Structures are given as C-alpha cells and as structure tokens.
$ cat entry-v1.pdb   # PDB, C-alpha atoms
ATOM      1  CA  MET S   1      20.945  21.052-100.010  1.00  0.00           C
ATOM      2  CA  GLN S   2      18.625  20.523 -97.038  1.00  0.00           C
ATOM      3  CA  LYS S   3      19.070  16.738 -97.356  1.00  0.00           C
ATOM      4  CA  PHE S   4      22.797  17.203 -96.769  1.00  0.00           C
ATOM      5  CA  TRP S   5      22.583  19.364 -93.617  1.00  0.00           C
ATOM      6  CA  PHE S   6      19.934  17.424 -91.727  1.00  0.00           C
ATOM      7  CA  PRO S   7      21.905  14.134 -91.387  1.00  0.00           C
ATOM      8  CA  LEU S   8      25.092  16.060 -90.635  1.00  0.00           C
ATOM      9  CA  LEU S   9      23.417  18.081 -87.861  1.00  0.00           C
ATOM     10  CA  LEU S  10      21.746  14.941 -86.517  1.00  0.00           C
ATOM     11  CA  ILE S  11      25.066  13.098 -86.271  1.00  0.00           C
ATOM     12  CA  ALA S  12      26.783  16.106 -84.694  1.00  0.00           C
ATOM     13  CA  GLY S  13      23.961  16.417 -82.145  1.00  0.00           C
ATOM     14  CA  ILE S  14      24.184  12.742 -81.201  1.00  0.00           C
ATOM     15  CA  VAL S  15      27.959  12.922 -80.776  1.00  0.00           C
ATOM     16  CA  LEU S  16      27.771  16.059 -78.629  1.00  0.00           C
ATOM     17  CA  TRP S  17      24.873  14.720 -76.546  1.00  0.00           C
ATOM     18  CA  SER S  18      26.523  11.358 -75.866  1.00  0.00           C
ATOM     19  CA  ASN S  19      29.737  13.059 -74.679  1.00  0.00           C
ATOM     20  CA  ALA S  20      27.769  15.392 -72.402  1.00  0.00           C
ATOM     21  CA  CYS S  21      26.422  12.441 -70.402  1.00  0.00           C
ATOM     22  CA  TYR S  22      29.828  10.976 -69.645  1.00  0.00           C
ATOM     23  CA  TYR S  23      30.690  10.856 -65.927  1.00  0.00           C
ATOM     24  CA  ASP S  24      33.752   9.843 -63.951  1.00  0.00           C
ATOM     25  CA  ASN S  25      34.168   9.996 -60.218  1.00  0.00           C
ATOM     26  CA  GLU S  26      37.056  12.397 -59.580  1.00  0.00           C
ATOM     27  CA  GLU S  27      38.219  10.478 -56.516  1.00  0.00           C
ATOM     28  CA  ASP S  28      38.400   7.227 -58.497  1.00  0.00           C
ATOM     29  CA  LEU S  29      40.276   8.942 -61.330  1.00  0.00           C
ATOM     30  CA  TYR S  30      42.717  11.069 -59.378  1.00  0.00           C
ATOM     31  CA  GLY S  31      42.591   9.769 -55.798  1.00  0.00           C
ATOM     32  CA  GLY S  32      40.939  12.890 -54.439  1.00  0.00           C
ATOM     33  CA  GLU S  33      42.390  16.318 -53.946  1.00  0.00           C
ATOM     34  CA  ASN S  34      45.483  15.217 -52.032  1.00  0.00           C
ATOM     35  CA  GLY S  35      45.690  11.623 -53.237  1.00  0.00           C
ATOM     36  CA  CYS S  36      45.094   8.634 -51.043  1.00  0.00           C
ATOM     37  CA  ASP S  37      47.655   8.095 -48.322  1.00  0.00           C
ATOM     38  CA  THR S  38      47.788   4.368 -47.568  1.00  0.00           C
ATOM     39  CA  THR S  39      51.031   4.481 -45.629  1.00  0.00           C
ATOM     40  CA  ASN S  40      51.040   3.668 -41.934  1.00  0.00           C
ATOM     41  CA  ILE S  41      47.364   2.653 -41.750  1.00  0.00           C
ATOM     42  CA  LYS S  42      46.424   1.831 -38.172  1.00  0.00           C
ATOM     43  CA  TYR S  43      43.682  -0.538 -37.069  1.00  0.00           C
ATOM     44  CA  SER S  44      42.861   1.614 -34.040  1.00  0.00           C
ATOM     45  CA  ALA S  45      42.470   4.803 -36.079  1.00  0.00           C
ATOM     46  CA  GLN S  46      41.571   4.411 -39.735  1.00  0.00           C
ATOM     47  CA  VAL S  47      40.323   0.811 -40.032  1.00  0.00           C
ATOM     48  CA  THR S  48      37.955   0.813 -37.051  1.00  0.00           C
ATOM     49  CA  ALA S  49      36.523   4.187 -38.098  1.00  0.00           C
ATOM     50  CA  LEU S  50      35.814   2.922 -41.626  1.00  0.00           C
ATOM     51  CA  LEU S  51      34.255  -0.299 -40.354  1.00  0.00           C
ATOM     52  CA  GLU S  52      32.232   1.484 -37.703  1.00  0.00           C
ATOM     53  CA  ASN S  53      30.786   3.936 -40.219  1.00  0.00           C
ATOM     54  CA  ASN S  54      30.086   1.402 -42.949  1.00  0.00           C
ATOM     55  CA  CYS S  55      29.945  -2.159 -41.621  1.00  0.00           C
ATOM     56  CA  TYR S  56      28.952  -2.470 -37.976  1.00  0.00           C
ATOM     57  CA  ALA S  57      25.241  -2.052 -38.725  1.00  0.00           C
ATOM     58  CA  CYS S  58      25.305  -5.652 -40.016  1.00  0.00           C
ATOM     59  CA  HIS S  59      28.660  -6.952 -38.783  1.00  0.00           C
ATOM     60  CA  SER S  60      28.643  -6.419 -35.028  1.00  0.00           C
ATOM     61  CA  THR S  61      28.261  -8.701 -32.049  1.00  0.00           C
ATOM     62  CA  SER S  62      25.122  -6.862 -30.907  1.00  0.00           C
ATOM     63  CA  ASN S  63      23.473  -6.743 -34.348  1.00  0.00           C
ATOM     64  CA  ASN S  64      24.764  -9.845 -36.094  1.00  0.00           C
ATOM     65  CA  ILE S  65      22.631  -9.808 -39.249  1.00  0.00           C
ATOM     66  CA  SER S  66      25.433 -11.163 -41.424  1.00  0.00           C
ATOM     67  CA  GLY S  67      26.699 -14.077 -39.351  1.00  0.00           C
ATOM     68  CA  LEU S  68      30.181 -12.531 -39.547  1.00  0.00           C
ATOM     69  CA  PRO S  69      30.658 -10.133 -36.658  1.00  0.00           C
ATOM     70  CA  PHE S  70      33.878  -8.171 -36.776  1.00  0.00           C
ATOM     71  CA  ASP S  71      33.512  -5.335 -34.367  1.00  0.00           C
ATOM     72  CA  THR S  72      36.492  -6.629 -32.401  1.00  0.00           C
ATOM     73  CA  TYR S  73      40.000  -7.219 -33.675  1.00  0.00           C
ATOM     74  CA  GLU S  74      39.805 -10.905 -32.748  1.00  0.00           C
ATOM     75  CA  SER S  75      36.626 -11.443 -34.791  1.00  0.00           C
ATOM     76  CA  LEU S  76      37.908  -9.398 -37.767  1.00  0.00           C
ATOM     77  CA  LEU S  77      41.350 -10.995 -38.033  1.00  0.00           C
ATOM     78  CA  PRO S  78      40.249 -14.337 -39.586  1.00  0.00           C
ATOM     79  CA  VAL S  79      38.017 -12.475 -42.080  1.00  0.00           C
ATOM     80  CA  ALA S  80      40.946 -10.232 -43.042  1.00  0.00           C
ATOM     81  CA  GLN S  81      43.516 -13.037 -43.242  1.00  0.00           C
ATOM     82  CA  SER S  82      41.274 -15.285 -45.351  1.00  0.00           C
ATOM     83  CA  GLY S  83      40.852 -12.568 -47.978  1.00  0.00           C
ATOM     84  CA  GLN S  84      37.092 -12.307 -47.389  1.00  0.00           C
ATOM     85  CA  LEU S  85      37.274  -8.685 -46.237  1.00  0.00           C
ATOM     86  CA  VAL S  86      39.207  -7.397 -49.251  1.00  0.00           C
ATOM     87  CA  ASN S  87      37.108  -9.481 -51.663  1.00  0.00           C
ATOM     88  CA  ALA S  88      33.856  -8.201 -50.153  1.00  0.00           C
ATOM     89  CA  ILE S  89      34.763  -4.502 -50.233  1.00  0.00           C
ATOM     90  CA  ASN S  90      35.960  -4.749 -53.866  1.00  0.00           C
ATOM     91  CA  ASN S  91      33.117  -6.872 -55.270  1.00  0.00           C
ATOM     92  CA  ALA S  92      31.040  -4.550 -57.458  1.00  0.00           C
ATOM     93  CA  GLY S  93      28.623  -7.381 -58.310  1.00  0.00           C
ATOM     94  CA  ASP S  94      27.679  -7.934 -54.657  1.00  0.00           C
ATOM     95  CA  PRO S  95      29.008  -4.795 -52.944  1.00  0.00           C
ATOM     96  CA  MET S  96      29.756  -4.428 -49.264  1.00  0.00           C
ATOM     97  CA  PRO S  97      28.212  -2.424 -47.849  1.00  0.00           C
ATOM     98  CA  PRO S  98      25.031  -3.293 -49.774  1.00  0.00           C
ATOM     99  CA  THR S  99      24.408   0.408 -50.466  1.00  0.00           C
ATOM    100  CA  GLY S 100      27.430   0.430 -52.811  1.00  0.00           C
ATOM    101  CA  LEU S 101      31.177   0.151 -52.805  1.00  0.00           C
ATOM    102  CA  LEU S 102      33.131   2.333 -50.437  1.00  0.00           C
ATOM    103  CA  PRO S 103      35.122   5.143 -52.037  1.00  0.00           C
ATOM    104  CA  ALA S 104      38.302   3.860 -53.678  1.00  0.00           C
ATOM    105  CA  CYS S 105      40.557   5.506 -51.095  1.00  0.00           C
ATOM    106  CA  ASP S 106      38.735   3.850 -48.178  1.00  0.00           C
ATOM    107  CA  ARG S 107      39.012   0.462 -49.872  1.00  0.00           C
ATOM    108  CA  GLU S 108      42.720   1.056 -50.518  1.00  0.00           C
ATOM    109  CA  LYS S 109      43.294   1.878 -46.843  1.00  0.00           C
ATOM    110  CA  ILE S 110      41.638  -1.343 -45.681  1.00  0.00           C
ATOM    111  CA  GLU S 111      43.510  -3.357 -48.289  1.00  0.00           C
ATOM    112  CA  SER S 112      46.806  -1.746 -47.291  1.00  0.00           C
ATOM    113  CA  TRP S 113      46.205  -2.680 -43.654  1.00  0.00           C
ATOM    114  CA  VAL S 114      45.363  -6.281 -44.625  1.00  0.00           C
ATOM    115  CA  ASN S 115      48.432  -6.513 -46.895  1.00  0.00           C
ATOM    116  CA  ALA S 116      50.586  -5.315 -43.988  1.00  0.00           C
ATOM    117  CA  GLY S 117      49.477  -8.413 -42.071  1.00  0.00           C
ATOM    118  CA  ALA S 118      46.413  -6.889 -40.397  1.00  0.00           C
ATOM    119  CA  PRO S 119      48.373  -5.713 -37.341  1.00  0.00           C
ATOM    120  CA  LYS S 120      46.620  -4.763 -34.121  1.00  0.00           C
ATOM    121  CA  ASN S 121      48.089  -1.273 -33.996  1.00  0.00           C
TER
END

$ encode --input "entry-v1.pdb" --output "structure tokens"
Amino acid sequence: MQKFWFPLLLIAGIVLWSNACYYDNEEDLYGGENGCDTTNIKYSAQVTALLENNCYACHSTSNNISGLPFDTYESLLPVAQSGQLVNAINNAGDPMPPTGLLPACDREKIESWVNAGAPKN
C-alpha cells in the first residue's frame, strides 16, 4: 500500500510546487489598474518624460554614449520615423534601456505617438 501512496504524493507535490512558482506581471496581463490610455499622447508631456527618465542617460547631447542622441525633438524624429525607437523599446533580446524593457504601458504610449506620425505637440 505504501508503494502506491508515495508516487502519488510525489506527483501531487511536484504539480503543486510548479504551479506555485508561476508569475505574471499584472500590468502586462491587464494593463494596470485603470488600463493604459494611449489616446492623445503628447511629445511635450508623456514622451519627453518617459525618455528623460529612461533614455537620456545614454541618449543625450551632453552624454552621448550611444551615438544616437535624442534629447531634442529634431534629433529624435529620424529615430522615431525609421522605426528604430519602437524596435529598440520592444526588443527583449537586446532591451532598451539595458536594465530591461520599459513597462508595457510606457512602450505602448511611445508606440502610439510614433504611429500618430511623431508630432511635435
């Protein structure tokens, strides 16, 4: 009888343990508490704040580590229009910033602004 229970308990323990380690980022799954509002994204408000907080350390005129400064609209526009900006912020294999991908909502806001034609608003 003991030979029957041991494998059964072992399998049940493995199944329960493997499910306990499962993790999903709530923001990625559900878009955060209020969802992600990507309507009416403005360069002067949302985009510059995101870039300033996450990108300017390497991508600025004063600290041009990357070779691609975009701390001004004029320097960012070609990077946005070529698709480099959206590709870089969504590339999990070589994430930008190098510390890891931005939260999904932040990436969606930048992408929405680029898809709107990257207006200087």

$ residues_near_point --input "entry-v1.pdb" --point "(34.0, -1.0, -40.8)" --cutoff "12 Å" --atoms "only C-alpha atoms" --output "PyMOL selection string"
chain S and resi 43-60+69-73+76+80+85-86+88-89+96-97+102+106-107+109-110

$ resolve_selection --input "entry-v1.pdb" --expression "the PyMOL selection byres ((chain S and resi 116) around 12)" --output "list in words"
Thr38, Thr39, Asn40, Ile41, Lys42, Tyr43, Ala80, Gln81, Lys109, Ile110, Glu111, Ser112, Trp113, Val114, Asn115, Gly117, Ala118, Pro119, Lys120 and Asn121 of chain S

$ atom_distance --input "entry-v1.pdb" --atom1 "CA of Gln84 in chain S" --atom2 "CA of Gly35 in chain S"
26.1 Å

$ closest_residue --input "entry-v1.pdb" --among "S:Leu68, S:Glu108, S:Ser82, S:Phe6" --to "Cys36 in chain S" --atoms "all atoms listed in the file"
S:Glu108

$ atom_distance --input "entry-v1.pdb" --atom1 "CA of Pro103 in chain S" --atom2 "CA of Asn64 in chain S"
24.2 Å

$ atom_distance --input "entry-v1.pdb" --atom1 "CA of Leu77 in chain S" --atom2 "CA of Asp37 in chain S"
22.6 Å

$ build_atoms --input "entry-v1.pdb" --residues "range 56-82 of chain S" --atoms "N, CA, C and O atoms" --output "PDB file, in the coordinates of the input"
ATOM      1  N   TYR S  56      29.438  -1.956 -39.255  1.00  0.00           N
ATOM      2  CA  TYR S  56      28.952  -2.470 -37.976  1.00  0.00           C
ATOM      3  C   TYR S  56      27.432  -2.600 -37.906  1.00  0.00           C
ATOM      4  O   TYR S  56      26.926  -3.331 -37.058  1.00  0.00           O
ATOM      5  N   ALA S  57      26.699  -1.921 -38.745  1.00  0.00           N
ATOM      6  CA  ALA S  57      25.241  -2.052 -38.725  1.00  0.00           C
ATOM      7  C   ALA S  57      24.824  -3.507 -38.961  1.00  0.00           C
ATOM      8  O   ALA S  57      23.834  -3.974 -38.406  1.00  0.00           O
ATOM      9  N   CYS S  58      25.597  -4.236 -39.746  1.00  0.00           N
ATOM     10  CA  CYS S  58      25.305  -5.652 -40.016  1.00  0.00           C
ATOM     11  C   CYS S  58      26.344  -6.593 -39.417  1.00  0.00           C
ATOM     12  O   CYS S  58      26.061  -7.762 -39.198  1.00  0.00           O
ATOM     13  N   HIS S  59      27.545  -6.103 -39.210  1.00  0.00           N
ATOM     14  CA  HIS S  59      28.660  -6.952 -38.783  1.00  0.00           C
ATOM     15  C   HIS S  59      29.133  -6.587 -37.373  1.00  0.00           C
ATOM     16  O   HIS S  59      30.288  -6.219 -37.180  1.00  0.00           O
ATOM     17  N   SER S  60      28.245  -6.668 -36.414  1.00  0.00           N
ATOM     18  CA  SER S  60      28.643  -6.419 -35.028  1.00  0.00           C
ATOM     19  C   SER S  60      28.108  -7.529 -34.148  1.00  0.00           C
ATOM     20  O   SER S  60      27.183  -8.250 -34.513  1.00  0.00           O
ATOM     21  N   THR S  61      28.685  -7.674 -32.990  1.00  0.00           N
ATOM     22  CA  THR S  61      28.261  -8.701 -32.049  1.00  0.00           C
ATOM     23  C   THR S  61      26.829  -8.448 -31.599  1.00  0.00           C
ATOM     24  O   THR S  61      26.035  -9.374 -31.479  1.00  0.00           O
ATOM     25  N   SER S  62      26.463  -7.194 -31.392  1.00  0.00           N
ATOM     26  CA  SER S  62      25.122  -6.862 -30.907  1.00  0.00           C
ATOM     27  C   SER S  62      24.058  -6.941 -31.998  1.00  0.00           C
ATOM     28  O   SER S  62      22.900  -7.172 -31.718  1.00  0.00           O
ATOM     29  N   ASN S  63      24.429  -6.740 -33.238  1.00  0.00           N
ATOM     30  CA  ASN S  63      23.473  -6.743 -34.348  1.00  0.00           C
ATOM     31  C   ASN S  63      24.018  -7.636 -35.451  1.00  0.00           C
ATOM     32  O   ASN S  63      24.345  -7.178 -36.537  1.00  0.00           O
ATOM     33  N   ASN S  64      24.093  -8.919 -35.192  1.00  0.00           N
ATOM     34  CA  ASN S  64      24.764  -9.845 -36.094  1.00  0.00           C
ATOM     35  C   ASN S  64      23.841 -10.345 -37.198  1.00  0.00           C
ATOM     36  O   ASN S  64      23.461 -11.507 -37.242  1.00  0.00           O
ATOM     37  N   ILE S  65      23.498  -9.466 -38.117  1.00  0.00           N
ATOM     38  CA  ILE S  65      22.631  -9.808 -39.249  1.00  0.00           C
ATOM     39  C   ILE S  65      23.375 -10.721 -40.222  1.00  0.00           C
ATOM     40  O   ILE S  65      22.800 -11.630 -40.799  1.00  0.00           O
ATOM     41  N   SER S  66      24.648 -10.498 -40.385  1.00  0.00           N
ATOM     42  CA  SER S  66      25.433 -11.163 -41.424  1.00  0.00           C
ATOM     43  C   SER S  66      25.933 -12.554 -41.052  1.00  0.00           C
ATOM     44  O   SER S  66      26.243 -13.348 -41.921  1.00  0.00           O
ATOM     45  N   GLY S  67      26.062 -12.828 -39.766  1.00  0.00           N
ATOM     46  CA  GLY S  67      26.699 -14.077 -39.351  1.00  0.00           C
ATOM     47  C   GLY S  67      28.209 -13.945 -39.254  1.00  0.00           C
ATOM     48  O   GLY S  67      28.884 -14.886 -38.873  1.00  0.00           O
ATOM     49  N   LEU S  68      28.740 -12.797 -39.634  1.00  0.00           N
ATOM     50  CA  LEU S  68      30.181 -12.531 -39.547  1.00  0.00           C
ATOM     51  C   LEU S  68      30.415 -11.258 -38.744  1.00  0.00           C
ATOM     52  O   LEU S  68      30.630 -10.193 -39.296  1.00  0.00           O
ATOM     53  N   PRO S  69      30.376 -11.350 -37.419  1.00  0.00           N
ATOM     54  CA  PRO S  69      30.658 -10.133 -36.658  1.00  0.00           C
ATOM     55  C   PRO S  69      32.149  -9.821 -36.711  1.00  0.00           C
ATOM     56  O   PRO S  69      32.974 -10.724 -36.664  1.00  0.00           O
ATOM     57  N   PHE S  70      32.470  -8.564 -36.872  1.00  0.00           N
ATOM     58  CA  PHE S  70      33.878  -8.171 -36.776  1.00  0.00           C
ATOM     59  C   PHE S  70      34.039  -6.796 -36.175  1.00  0.00           C
ATOM     60  O   PHE S  70      34.787  -5.966 -36.644  1.00  0.00           O
ATOM     61  N   ASP S  71      33.354  -6.597 -35.075  1.00  0.00           N
ATOM     62  CA  ASP S  71      33.512  -5.335 -34.367  1.00  0.00           C
ATOM     63  C   ASP S  71      34.610  -5.408 -33.312  1.00  0.00           C
ATOM     64  O   ASP S  71      34.840  -4.439 -32.599  1.00  0.00           O
ATOM     65  N   THR S  72      35.295  -6.529 -33.236  1.00  0.00           N
ATOM     66  CA  THR S  72      36.492  -6.629 -32.401  1.00  0.00           C
ATOM     67  C   THR S  72      37.635  -7.101 -33.293  1.00  0.00           C
ATOM     68  O   THR S  72      37.403  -7.746 -34.334  1.00  0.00           O
ATOM     69  N   TYR S  73      38.846  -6.801 -32.892  1.00  0.00           N
ATOM     70  CA  TYR S  73      40.000  -7.219 -33.675  1.00  0.00           C
ATOM     71  C   TYR S  73      40.033  -8.740 -33.823  1.00  0.00           C
ATOM     72  O   TYR S  73      40.288  -9.262 -34.907  1.00  0.00           O
ATOM     73  N   GLU S  74      39.746  -9.445 -32.735  1.00  0.00           N
ATOM     74  CA  GLU S  74      39.805 -10.905 -32.748  1.00  0.00           C
ATOM     75  C   GLU S  74      38.799 -11.516 -33.715  1.00  0.00           C
ATOM     76  O   GLU S  74      39.063 -12.542 -34.340  1.00  0.00           O
ATOM     77  N   SER S  75      37.620 -10.910 -33.861  1.00  0.00           N
ATOM     78  CA  SER S  75      36.626 -11.443 -34.791  1.00  0.00           C
ATOM     79  C   SER S  75      36.902 -11.016 -36.236  1.00  0.00           C
ATOM     80  O   SER S  75      36.515 -11.701 -37.173  1.00  0.00           O
ATOM     81  N   LEU S  76      37.593  -9.888 -36.421  1.00  0.00           N
ATOM     82  CA  LEU S  76      37.908  -9.398 -37.767  1.00  0.00           C
ATOM     83  C   LEU S  76      39.126 -10.094 -38.368  1.00  0.00           C
ATOM     84  O   LEU S  76      39.172 -10.325 -39.580  1.00  0.00           O
ATOM     85  N   LEU S  77      40.083 -10.458 -37.540  1.00  0.00           N
ATOM     86  CA  LEU S  77      41.350 -10.995 -38.033  1.00  0.00           C
ATOM     87  C   LEU S  77      41.177 -12.192 -38.982  1.00  0.00           C
ATOM     88  O   LEU S  77      41.753 -12.188 -40.072  1.00  0.00           O
ATOM     89  N   PRO S  78      40.391 -13.221 -38.645  1.00  0.00           N
ATOM     90  CA  PRO S  78      40.249 -14.337 -39.586  1.00  0.00           C
ATOM     91  C   PRO S  78      39.606 -13.921 -40.915  1.00  0.00           C
ATOM     92  O   PRO S  78      39.953 -14.444 -41.973  1.00  0.00           O
ATOM     93  N   VAL S  79      38.677 -12.965 -40.861  1.00  0.00           N
ATOM     94  CA  VAL S  79      38.017 -12.475 -42.080  1.00  0.00           C
ATOM     95  C   VAL S  79      39.031 -11.730 -42.942  1.00  0.00           C
ATOM     96  O   VAL S  79      39.041 -11.865 -44.172  1.00  0.00           O
ATOM     97  N   ALA S  80      39.916 -10.970 -42.309  1.00  0.00           N
ATOM     98  CA  ALA S  80      40.946 -10.232 -43.042  1.00  0.00           C
ATOM     99  C   ALA S  80      41.985 -11.180 -43.611  1.00  0.00           C
ATOM    100  O   ALA S  80      42.361 -11.078 -44.787  1.00  0.00           O
ATOM    101  N   GLN S  81      42.460 -12.121 -42.800  1.00  0.00           N
ATOM    102  CA  GLN S  81      43.516 -13.037 -43.242  1.00  0.00           C
ATOM    103  C   GLN S  81      43.045 -14.008 -44.329  1.00  0.00           C
ATOM    104  O   GLN S  81      43.844 -14.411 -45.170  1.00  0.00           O
ATOM    105  N   SER S  82      41.787 -14.356 -44.336  1.00  0.00           N
ATOM    106  CA  SER S  82      41.274 -15.285 -45.351  1.00  0.00           C
ATOM    107  C   SER S  82      41.059 -14.612 -46.705  1.00  0.00           C
ATOM    108  O   SER S  82      40.828 -15.292 -47.697  1.00  0.00           O
TER     109      SER S  82
END
